[in-house]
Amino acid sequence: MLVFLVKRIFNAAVVMLAVAAMAFLIFRFVGDPVEMMVNEQTTQAQRDQLREHLGLNDSVFVQFERFVVNAAHGDFGISYRNQRPVSELIAERFPATLELVLVATILSLLIGIPLGVVTAIHRGTWYSETLQFGSILGVSLPSFVVGIMLILTFSVTLGWAPAFGRGDVVHIGWWSTGFLTRSGRASLILPSLSLALFQITLVMRLVRAEMLETMRMDFIKFARARGVPARRVQFRHALRNCLMPVITMTGMQFGNLIAFALITETVFQWPGMGLLFMQAITFVDIPVMAAYLCIVSFIFVAINTLVDITYAVIDPRLRHQGH
Amino acid sequence: MLMQAHATTTGHSGAAIAHPVLEVRNLRVVFPTRHGVLNAVSDVSLTINKGEILGLVGESGAGKSMTGMATLGLLEPPGRIAEGEILLDGRRIDNLPEREMAKIRGRRIGAIFQDPLTSLHPLFTVGAQLVETIRLHLHLSRSQARRRAIDLLKEVGIPAASDRIDDYPHQFSGGMRQRVVIALALAAEPELIIADEPTTALDVSIQAQITALLRRICRERAAAVMLVTHDMGVIAETADRVAVLYAGRIVEVGHVDAVIHAPKHPYAKGLMDSIPPLEGRVARLAQIDGSMPRPDSIPEGCAFHSRCTLAGPHCRIAVPGLVETEGSRTACWLYSGGVEA
């Protein structure tokens with residue numbers, strides 16, 4: 001188990017270094033940072049001083065090392081546009097994105113798993129066929145279309161839920177949460193649903209396929225031969241066997257959701273990292289873009305590693321591989 | 001603890017002592033397909049008494065496993081029982097609703113399947129699976145059930161049972177896993193145990209241990225056992241009586257010594273001749289030409305006639321019924337009116 005852990009973490013570190021190299025290259029070579037930070041009145045001497053100050057005269061390797069060390073400490077430099085530390089900007093926006101993605105993930109599991117089980121067990125009935133067909137729509141509709149349709153239906157026409165923003169937030173330390181206020185929770189509904197729709201159908205289809213596969217297995221038949229009631233066989237014996245791929249997918253998709261949240265965030269004007277990134281692109285705010293790249297990749301890698309470790313915890317066969 | 005549960009089982013069946021534990025009457029199992037309805041099992045009747053092991057032997061597809069699954073009520077749809085009755089202790093069970101049947105499975109009929117690797121749920125400890133089965137059928141607390149689970153594991157010969165109860169199936173060897181499966185089958189002291197190829201997936205040396213264990217259990221608990229296998233050696237060692245199946249029908253049934261040492265049906269003879277003797281070498285083993293017909297191409301008359309060297313015109317016309325022969329009952333025109341038309 002320990003060897004497994006060390007190996008996984010080493011792999012993760014290598015991937016992160018590669019990502020950092022890319023972010024660094026963008027930072028260093030897309031335009032001249034000095035040119036972007038100064039205005040027309042700046043003298044050559046001032047420019048040279050700034051260049052020296054930023055360490056741009058050092059060798060590439062020294063600069064890269066400095067970039068990695070700083071990034072590891074959460075220091076991604078100063079935003080060109082806002083003239084504030086990038087880490088501060090990200091820290092402000094991160095809770096919004098995380099809460100959105102978290103709610104979307106929970107929704108997708110809460111809705112997707114039971115739907116998957118039901119469509120698998122009642123295969124061939126009209127409602128499971130309808131769900132199965134409907135899920136194709138869910139997979140194929142682009143998320144901005146879903147978002148706009150949700151806004152049109154539930155905000156504009158019915159007026160049930162707010163169409164943009166986060167509502168009122170409560171600050172707990174540096175974290176800002178929308179969970180604790182009524183308007184905060186209401187504002188979460190549409191964006192999280194819009195973000196979750198694709199996930200729900202994905203989870204449903206996966207659970208359905210896995211259930212159909214598992215229900216054919218010997219240990220399911222043997223469980224029935226032992227007299228385990230059908231419902232218990234389905235929800236305890238079969239479903240448990242299906243959860244591994246669901247966990248993997250949810251884990252992998254969590255990173256995806258954070259990345260793709262930028263579309264949902266743009267549609268719903270959700271003040272998260274995605275929106276920050278979109279604005280950074282508009283203003284060629286390289287430090288913010290580099291930081292976003294690093295952070296999203298870090299989340300991706302961290303989640304993948306965590307999923308691998310969770311595997312080992314859930315499946316005893318992986319845990320005991322040592323003996 | 002085990003003795004106590006045992007006593008209740010005996011008391012339970014005490015009133016119906018006149019009945020065999022299992023009686024199957026004229027069972028027909030069909031599989032509707034696109035090419036018509038296939039008969040997987042035709043007109044099979046058999047009985048198993050308390051403390052008796054009945055071997056069902058035949059090639060793959062002969063209908064032996066189907067008979068076992070039909071008894072358990074676990075035929076895979078669209079397979080179903082088209083005709084006949086299955087009686088457990090004199091009461092019909094083939095027409096029970098699923099909810100009722102689930103209470104019988106595990107409680108009154110235990111099952112042992114072929115592959116112990118795939119029969120056990122890989123994600124639950126053997127203890128969890130035992131406790132689950134015990135508590136589904138017997139009114140025991142969690143800790144009582146656990147104690148009973150340990151006793152069962154000891155009884156089927158798992159060393160250090162109280163340490164191993166919290167292990168997962170993959171931590172056991174194949175033979176040990178099959179012992180766990182047997183413990184699961186015994187969990188609620190069933191009157192009938194259906195063992196579907198219980199030794200097929202095991203090493204030869206382990207096979208002998210498992211058959212010995214099955215025999216001991218049958219004797220000690222006076223359980224009836226339906227032993228489904230294609231292995232004549234296992235039958236010879238374990239069964240009291242044996243039914244030979246061919247293309248969904250019983251062709252010969254009788255005491256194991258009679259059927260093995262003096263088979264009457266040409267197919268049963270052919271089967272016995274194809275087993276290598278323990279002493280001496282044979283230049284070439286006898287074999288039956290051709291292969292068993294698939295359920296969609298069973299010929300008219302006796303299903304074996306096209307491979308039978310003794311077949312006559314009559315064999316092509318009508319299906320022979322079982323008649324008394326010396327030491328067994330045989331379905332062959334040789335013994336019931338001749339092969340001539």
# chains A, B, ... in the order shown; residues from 1 in each chain; ligands from 1
$ residues_around --residues "Ile182 of chain B" --least-positions-apart "5" --cutoff "8 Å" --atoms "only C-alpha atoms" --output "PyMOL selection string"
chain B and resi 111-112+156
$ write_last_selection --atoms "all heavy atoms" --output "compact mmCIF listing (two decimals), in the first residue's frame"
# COMPACT_ATOMS: atom_id res chain seq x y z
N ALA B 111 -27.60 -24.07 -2.29
CA ALA B 111 -27.02 -24.27 -3.61
C ALA B 111 -25.50 -24.15 -3.56
O ALA B 111 -24.95 -23.35 -2.81
CB ALA B 111 -27.58 -23.25 -4.60
N ILE B 112 -24.85 -24.97 -4.36
CA ILE B 112 -23.40 -24.88 -4.53
C ILE B 112 -23.16 -24.80 -6.03
O ILE B 112 -23.66 -25.64 -6.77
CB ILE B 112 -22.69 -26.12 -3.94
CG1 ILE B 112 -23.00 -26.24 -2.46
CG2 ILE B 112 -21.20 -26.05 -4.19
CD1 ILE B 112 -22.68 -27.61 -1.90
N VAL B 156 -16.89 -27.04 7.75
CA VAL B 156 -16.50 -27.39 6.39
C VAL B 156 -14.99 -27.47 6.25
O VAL B 156 -14.48 -27.67 5.14
CB VAL B 156 -17.08 -26.40 5.35
CG1 VAL B 156 -18.58 -26.45 5.34
CG2 VAL B 156 -16.58 -24.99 5.60
$ residues_around --residues "Ser65 of chain B" --least-positions-apart "6" --cutoff "9 Å" --atoms "only C-alpha atoms" --output "list in words"
Leu56, Asp196, Glu197, Val228 and Thr229 of chain B
$ closest_residue --among "A:Asp218, A:Leu275, A:Val313, A:Met289" --to "chain B" --atoms "only C-alpha atoms"
A:Asp218
$ closest_atom_pairs --of "chain A" --to "chain B" --cutoff "9 Å" --atoms "only C-alpha atoms" --output "Markdown table"
| residue | atom | partner | partner_atom | distance |
| --- | --- | --- | --- | --- |
| A:Met217 | CA | B:Thr118 | CA | 7.5 |
| A:Asp218 | CA | B:Ser119 | CA | 5.2 |
| A:Phe219 | CA | B:Ser119 | CA | 4.1 |
| A:Ile220 | CA | B:His121 | CA | 7.7 |
| A:Lys221 | CA | B:Leu74 | CA | 7.8 |
| A:Phe222 | CA | B:Ser119 | CA | 5.7 |
| A:Ala223 | CA | B:Ser119 | CA | 8.0 |
| A:Arg224 | CA | B:Ala102 | CA | 7.3 |
| A:Ala225 | CA | B:Arg105 | CA | 5.5 |
| A:Arg226 | CA | B:Gly106 | CA | 4.0 |
| A:Gly227 | CA | B:Arg105 | CA | 4.5 |
| A:Val228 | CA | B:Ala102 | CA | 6.7 |
| A:Pro229 | CA | B:Ala102 | CA | 6.0 |
| A:Ala230 | CA | B:Ala102 | CA | 8.1 |
| A:His237 | CA | B:His121 | CA | 7.5 |
| A:Arg240 | CA | B:Leu123 | CA | 8.0 |
| A:Asn241 | CA | B:Leu123 | CA | 7.4 |
| A:Ile314 | CA | B:Leu123 | CA | 8.0 |
| A:Asp315 | CA | B:Leu123 | CA | 6.4 |
| A:Pro316 | CA | B:Leu123 | CA | 6.8 |
| A:Arg317 | CA | B:His170 | CA | 6.9 |
| A:His320 | CA | B:Gln171 | CA | 8.5 |
$ write_last_selection --atoms "C-alpha atoms" --output "PDB file, in the first residue's frame"
ATOM      1  CA  MET A 217     -22.475 -12.526 -12.930  1.00  0.00           C
ATOM      2  CA  ASP A 218     -22.321 -15.755 -10.957  1.00  0.00           C
ATOM      3  CA  PHE A 219     -22.143 -14.133  -7.571  1.00  0.00           C
ATOM      4  CA  ILE A 220     -25.448 -12.399  -8.246  1.00  0.00           C
ATOM      5  CA  LYS A 221     -27.068 -15.693  -9.165  1.00  0.00           C
ATOM      6  CA  PHE A 222     -25.486 -17.283  -6.121  1.00  0.00           C
ATOM      7  CA  ALA A 223     -26.742 -14.473  -3.898  1.00  0.00           C
ATOM      8  CA  ARG A 224     -30.233 -15.219  -5.194  1.00  0.00           C
ATOM      9  CA  ALA A 225     -29.652 -18.924  -4.606  1.00  0.00           C
ATOM     10  CA  ARG A 226     -28.820 -18.044  -1.007  1.00  0.00           C
ATOM     11  CA  GLY A 227     -32.242 -16.462  -0.740  1.00  0.00           C
ATOM     12  CA  VAL A 228     -31.242 -12.801  -0.818  1.00  0.00           C
ATOM     13  CA  PRO A 229     -34.366 -10.863  -1.900  1.00  0.00           C
ATOM     14  CA  ALA A 230     -34.278  -9.371  -5.386  1.00  0.00           C
ATOM     15  CA  HIS A 237     -24.778  -6.704  -4.202  1.00  0.00           C
ATOM     16  CA  ARG A 240     -21.824  -1.974  -4.994  1.00  0.00           C
ATOM     17  CA  ASN A 241     -19.980  -3.715  -7.755  1.00  0.00           C
ATOM     18  CA  ILE A 314     -12.835   0.153  -1.871  1.00  0.00           C
ATOM     19  CA  ASP A 315     -11.559  -2.904  -3.690  1.00  0.00           C
ATOM     20  CA  PRO A 316      -9.827  -5.217  -1.245  1.00  0.00           C
ATOM     21  CA  ARG A 317      -8.190  -7.058  -4.127  1.00  0.00           C
ATOM     22  CA  HIS A 320      -3.903  -6.869  -0.740  1.00  0.00           C
TER      23      HIS A 320
END
$ atom_distance --atom1 "atom CA of Arg91 of chain B" --atom2 "atom CA of Ile48 of chain B"
14.2 Å
$ residues_around --residues "Gly321 of chain B" --least-positions-apart "5" --cutoff "8 Å" --atoms "only C-alpha atoms" --output "PDB file with all heavy atoms, in the first residue's frame"
ATOM      1  N   THR B 330     -34.668 -47.952 -17.324  1.00  0.00           N
ATOM      2  CA  THR B 330     -33.998 -47.551 -18.548  1.00  0.00           C
ATOM      3  C   THR B 330     -35.026 -47.169 -19.604  1.00  0.00           C
ATOM      4  O   THR B 330     -36.076 -47.800 -19.697  1.00  0.00           O
ATOM      5  CB  THR B 330     -33.116 -48.713 -19.069  1.00  0.00           C
ATOM      6  OG1 THR B 330     -32.281 -49.161 -18.015  1.00  0.00           O
ATOM      7  CG2 THR B 330     -32.267 -48.270 -20.248  1.00  0.00           C
ATOM      8  N   ALA B 331     -34.697 -46.131 -20.359  1.00  0.00           N
ATOM      9  CA  ALA B 331     -35.580 -45.717 -21.447  1.00  0.00           C
ATOM     10  C   ALA B 331     -34.953 -46.135 -22.765  1.00  0.00           C
ATOM     11  O   ALA B 331     -34.182 -45.382 -23.372  1.00  0.00           O
ATOM     12  CB  ALA B 331     -35.797 -44.208 -21.406  1.00  0.00           C
ATOM     13  N   CYS B 332     -35.233 -47.366 -23.184  1.00  0.00           N
ATOM     14  CA  CYS B 332     -34.663 -47.870 -24.420  1.00  0.00           C
ATOM     15  C   CYS B 332     -35.562 -48.974 -24.948  1.00  0.00           C
ATOM     16  O   CYS B 332     -36.045 -49.803 -24.183  1.00  0.00           O
ATOM     17  CB  CYS B 332     -33.251 -48.406 -24.163  1.00  0.00           C
ATOM     18  SG  CYS B 332     -32.529 -49.169 -25.620  1.00  0.00           S
TER      19      CYS B 332
END
$ select_by_dssp --residues "segment 9-184 of chain A" --states "helix (DSSP H, G or I)" --output "PyMOL selection string"
chain A and resi 9-29+33-37+44-54+60-72+86-121+126-140+143-157+182-184
$ residues_around --residues "Leu88 of chain B" --least-positions-apart "3" --cutoff "7 Å" --atoms "only C-alpha atoms" --output "VMD selection string"
chain B and resid 21 to 23 91 to 93
$ residues_around --residues "Ala236 of chain B" --least-positions-apart "4" --cutoff "9 Å" --atoms "only C-alpha atoms" --output "NGL selection string"
:B and (55 or 231-232 or 240 or 242 or 256-257 or 260)
$ residues_around --residues "segment 314-319 of chain B" --least-positions-apart "2" --cutoff "6 Å" --atoms "only C-alpha atoms" --output "CSV table (one decimal) with N, CA, C and O atoms, in the first residue's frame"
chain,number,residue,atom,x,y,z
B,300,GLU,N,-36.5,-37.1,-34.1
B,300,GLU,CA,-37.8,-37.9,-33.7
B,300,GLU,C,-37.4,-39.2,-33.0
B,300,GLU,O,-36.3,-39.7,-33.3
B,301,GLY,N,-38.3,-39.7,-32.3
B,301,GLY,CA,-38.0,-41.0,-31.6
B,301,GLY,C,-37.0,-40.8,-30.5
B,301,GLY,O,-36.9,-39.8,-29.8
B,302,CYS,N,-36.2,-41.9,-30.3
B,302,CYS,CA,-35.2,-41.9,-29.3
B,302,CYS,C,-34.1,-40.9,-29.8
B,302,CYS,O,-33.6,-41.0,-30.9
B,312,GLY,N,-32.9,-49.7,-34.1
B,312,GLY,CA,-33.8,-50.3,-35.1
B,312,GLY,C,-34.8,-49.3,-35.6
B,312,GLY,O,-34.8,-48.2,-35.1
B,339,VAL,N,-36.7,-53.2,-30.9
B,339,VAL,CA,-36.3,-52.1,-31.7
B,339,VAL,C,-37.0,-52.2,-33.1
B,339,VAL,O,-36.9,-51.3,-33.9
B,340,GLU,N,-37.5,-53.4,-33.4
B,340,GLU,CA,-38.2,-53.5,-34.7
B,340,GLU,C,-39.5,-52.9,-34.7
B,340,GLU,O,-40.2,-52.8,-33.7
B,341,ALA,N,-39.9,-52.3,-35.9
B,341,ALA,CA,-41.1,-51.6,-35.9
B,341,ALA,C,-42.3,-52.5,-35.8
B,341,ALA,O,-42.3,-53.7,-36.2
$ atom_distance --atom1 "atom CA of Thr248 of chain A" --atom2 "atom CA of Ile113 of chain A"
13.9 Å
$ residues_around --residues "segment 45-57 of chain A" --least-positions-apart "2" --cutoff "9 Å" --atoms "only C-alpha atoms" --output "list in words"
Arg28, Pro33, Val34, Glu35, Val38, Thr42, Thr43, Ser59, Val60, Val62 and Gln63 of chain A
$ closest_residue --among "A:Tyr127, A:Leu195, A:Gly178, A:Ala23" --to "Ile106 of chain A" --atoms "only C-alpha atoms"
A:Leu195
$ select_by_dssp --residues "segment 107-282 of chain A" --states "strand (DSSP E)" --output "list in words"
Val170, His171, Ile172, Trp175, Ser176 and Thr177 of chain A
$ closest_residue --among "A:Leu141, A:Ile309, A:Leu25, A:Leu98" --to "Lys7 of chain A" --atoms "only C-alpha atoms"
A:Ile309
$ atom_distance --atom1 "atom CA of Thr266 of chain A" --atom2 "atom CA of Ala71 of chain A"
26.6 Å
